[in-house]
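Asks: Below are the structure tokens for one structure; questions will follow.
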Amino acid sequence: MRVLVVDDSSTMRRIIVNALKRLGYEDTLEACDGREALKCLETSRADLIVTDWNMPEMTGPQFVEALRALPSYAHVPVLMVTTQAAQEDVIIALRAGVNDYLIKPFTPDALKDRLQSLLAKV
């Protein structure tokens with residue numbers, strides 16, 4: 001399973017990728033914002049997407065809306081990992097097409113639980 005990690009912070013991408021690898025998700029792609037992620041998906045397939053909310057060029061919800069407009073990505077699971085913790089933010093993300101939501105900072109166990117729950121639904 002290939003996972004695309006989208007976050008403008010290289011440190012956060014490294015943390016998420018390392019946590020994913022410890023959980024057995026060895027095949028990862030990285031993008032620093034939504035535009036770069038969409039470009040990446042033109043040439044590489046991802047089976048799961050982990051994205052941040054706050055990014056330059058294109059926010060996480062904008063990226064997910066653009067992603068969901070692509071027929072081949074209409075149903076790919078998306079986990080948003082973000083500091084945006086307000087209930088209204090969660091609703092915005094879910095309406096954009098996010099499947100699950102994880103608040104930063106998070107533990108590797110919390111990431112594992114969210115991924116297991118998310119992938120059990122697909």
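Each chain in the structure tokens gets a letter, A, B, ..., in the order shown, and its residues are numbered from 1; ligands are numbered from 1 in order too.
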So which bits of range 5-110 of chain A end up strand (DSSP E or B) when you DSSP the backbone, as a PyMOL selection string?
Replies: chain A and resi 5-6+27-31+48-51+78-82+100-103
Asks: Based on the selection just made, write C-alpha atoms of those residues as an mmCIF file, in the first residue's frame.
Replies:
data_model
loop_
_atom_site.group_PDB
_atom_site.id
_atom_site.type_symbol
_atom_site.label_atom_id
_atom_site.label_comp_id
_atom_site.auth_asym_id
_atom_site.auth_seq_id
_atom_site.Cartn_x
_atom_site.Cartn_y
_atom_site.Cartn_z
ATOM 1 C CA VAL A 5 1.955 12.335 3.024
ATOM 2 C CA VAL A 6 1.127 16.002 2.377
ATOM 3 C CA ASP A 27 5.953 2.666 0.381
ATOM 4 C CA THR A 28 5.478 6.409 0.888
ATOM 5 C CA LEU A 29 5.388 9.533 -1.239
ATOM 6 C CA GLU A 30 5.722 13.092 0.050
ATOM 7 C CA ALA A 31 4.419 16.487 -1.057
ATOM 8 C CA LEU A 48 -4.049 6.247 1.200
ATOM 9 C CA ILE A 49 -3.475 9.961 1.754
ATOM 10 C CA VAL A 50 -2.440 11.677 4.982
ATOM 11 C CA THR A 51 -2.715 15.457 4.713
ATOM 12 C CA VAL A 78 -7.899 10.416 3.394
ATOM 13 C CA LEU A 79 -6.737 11.091 6.951
ATOM 14 C CA MET A 80 -6.300 14.735 7.940
ATOM 15 C CA VAL A 81 -3.618 15.284 10.584
ATOM 16 C CA THR A 82 -3.783 18.866 11.820
ATOM 17 C CA ASP A 100 -10.977 10.674 9.355
ATOM 18 C CA TYR A 101 -9.286 13.352 11.428
ATOM 19 C CA LEU A 102 -6.344 13.300 13.849
ATOM 20 C CA ILE A 103 -5.263 16.266 15.967
#
Asks: Just want the 12 Å neighbourhood of Ala120 in chain A, counted on only C-alpha atoms, with same-chain residues fewer than 4 positions away dropped. Output as a PyMOL selection string.
Replies: chain A and resi 77+99-100+113-116
Asks: Selection from above, N, CA and C atoms, as an mmCIF file, in the first residue's frame, can you write it?
Replies:
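Contents of out_10.cif, freshly written:
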data_model
loop_
_atom_site.group_PDB
_atom_site.id
_atom_site.type_symbol
_atom_site.label_atom_id
_atom_site.label_comp_id
_atom_site.auth_asym_id
_atom_site.auth_seq_id
_atom_site.Cartn_x
_atom_site.Cartn_y
_atom_site.Cartn_z
ATOM 1 N N PRO A 77 -9.004 6.557 0.701
ATOM 2 C CA PRO A 77 -9.095 7.052 2.079
ATOM 3 C C PRO A 77 -8.148 8.229 2.341
ATOM 4 N N ASN A 99 -11.918 11.358 5.302
ATOM 5 C CA ASN A 99 -12.544 10.194 5.926
ATOM 6 C C ASN A 99 -12.359 10.141 7.435
ATOM 7 N N ASP A 100 -11.225 10.674 7.920
ATOM 8 C CA ASP A 100 -10.977 10.674 9.355
ATOM 9 C C ASP A 100 -10.050 11.833 9.674
ATOM 10 N N ASP A 113 -4.176 3.637 15.432
ATOM 11 C CA ASP A 113 -5.607 3.413 15.659
ATOM 12 C C ASP A 113 -6.456 4.048 14.569
ATOM 13 N N ARG A 114 -6.125 5.281 14.193
ATOM 14 C CA ARG A 114 -6.894 5.978 13.148
ATOM 15 C C ARG A 114 -6.772 5.253 11.809
ATOM 16 N N LEU A 115 -5.561 4.837 11.482
ATOM 17 C CA LEU A 115 -5.359 4.138 10.208
ATOM 18 C C LEU A 115 -6.099 2.808 10.185
ATOM 19 N N GLN A 116 -6.023 2.051 11.285
ATOM 20 C CA GLN A 116 -6.743 0.773 11.331
ATOM 21 C C GLN A 116 -8.231 0.977 11.188
#
Asks: Using CA of Glu65 in chain A and CA of Asp109 in chain A as the two end points, give the distance in Å to one decimal.
Replies: 28.1 Å
Asks: Please report the interatomic distance between CA of Ala85 in chain A and CA of Thr59 in chain A in Å with one decimal.
Replies: 15.3 Å
Asks: Could you tell me how far CA of Leu23 in chain A sits from CA of Ala96 in chain A, in Å to one decimal place?
Replies: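 Separation between CA of Ala96 in chain A and CA of Leu23 in chain A: 27.2 Å.
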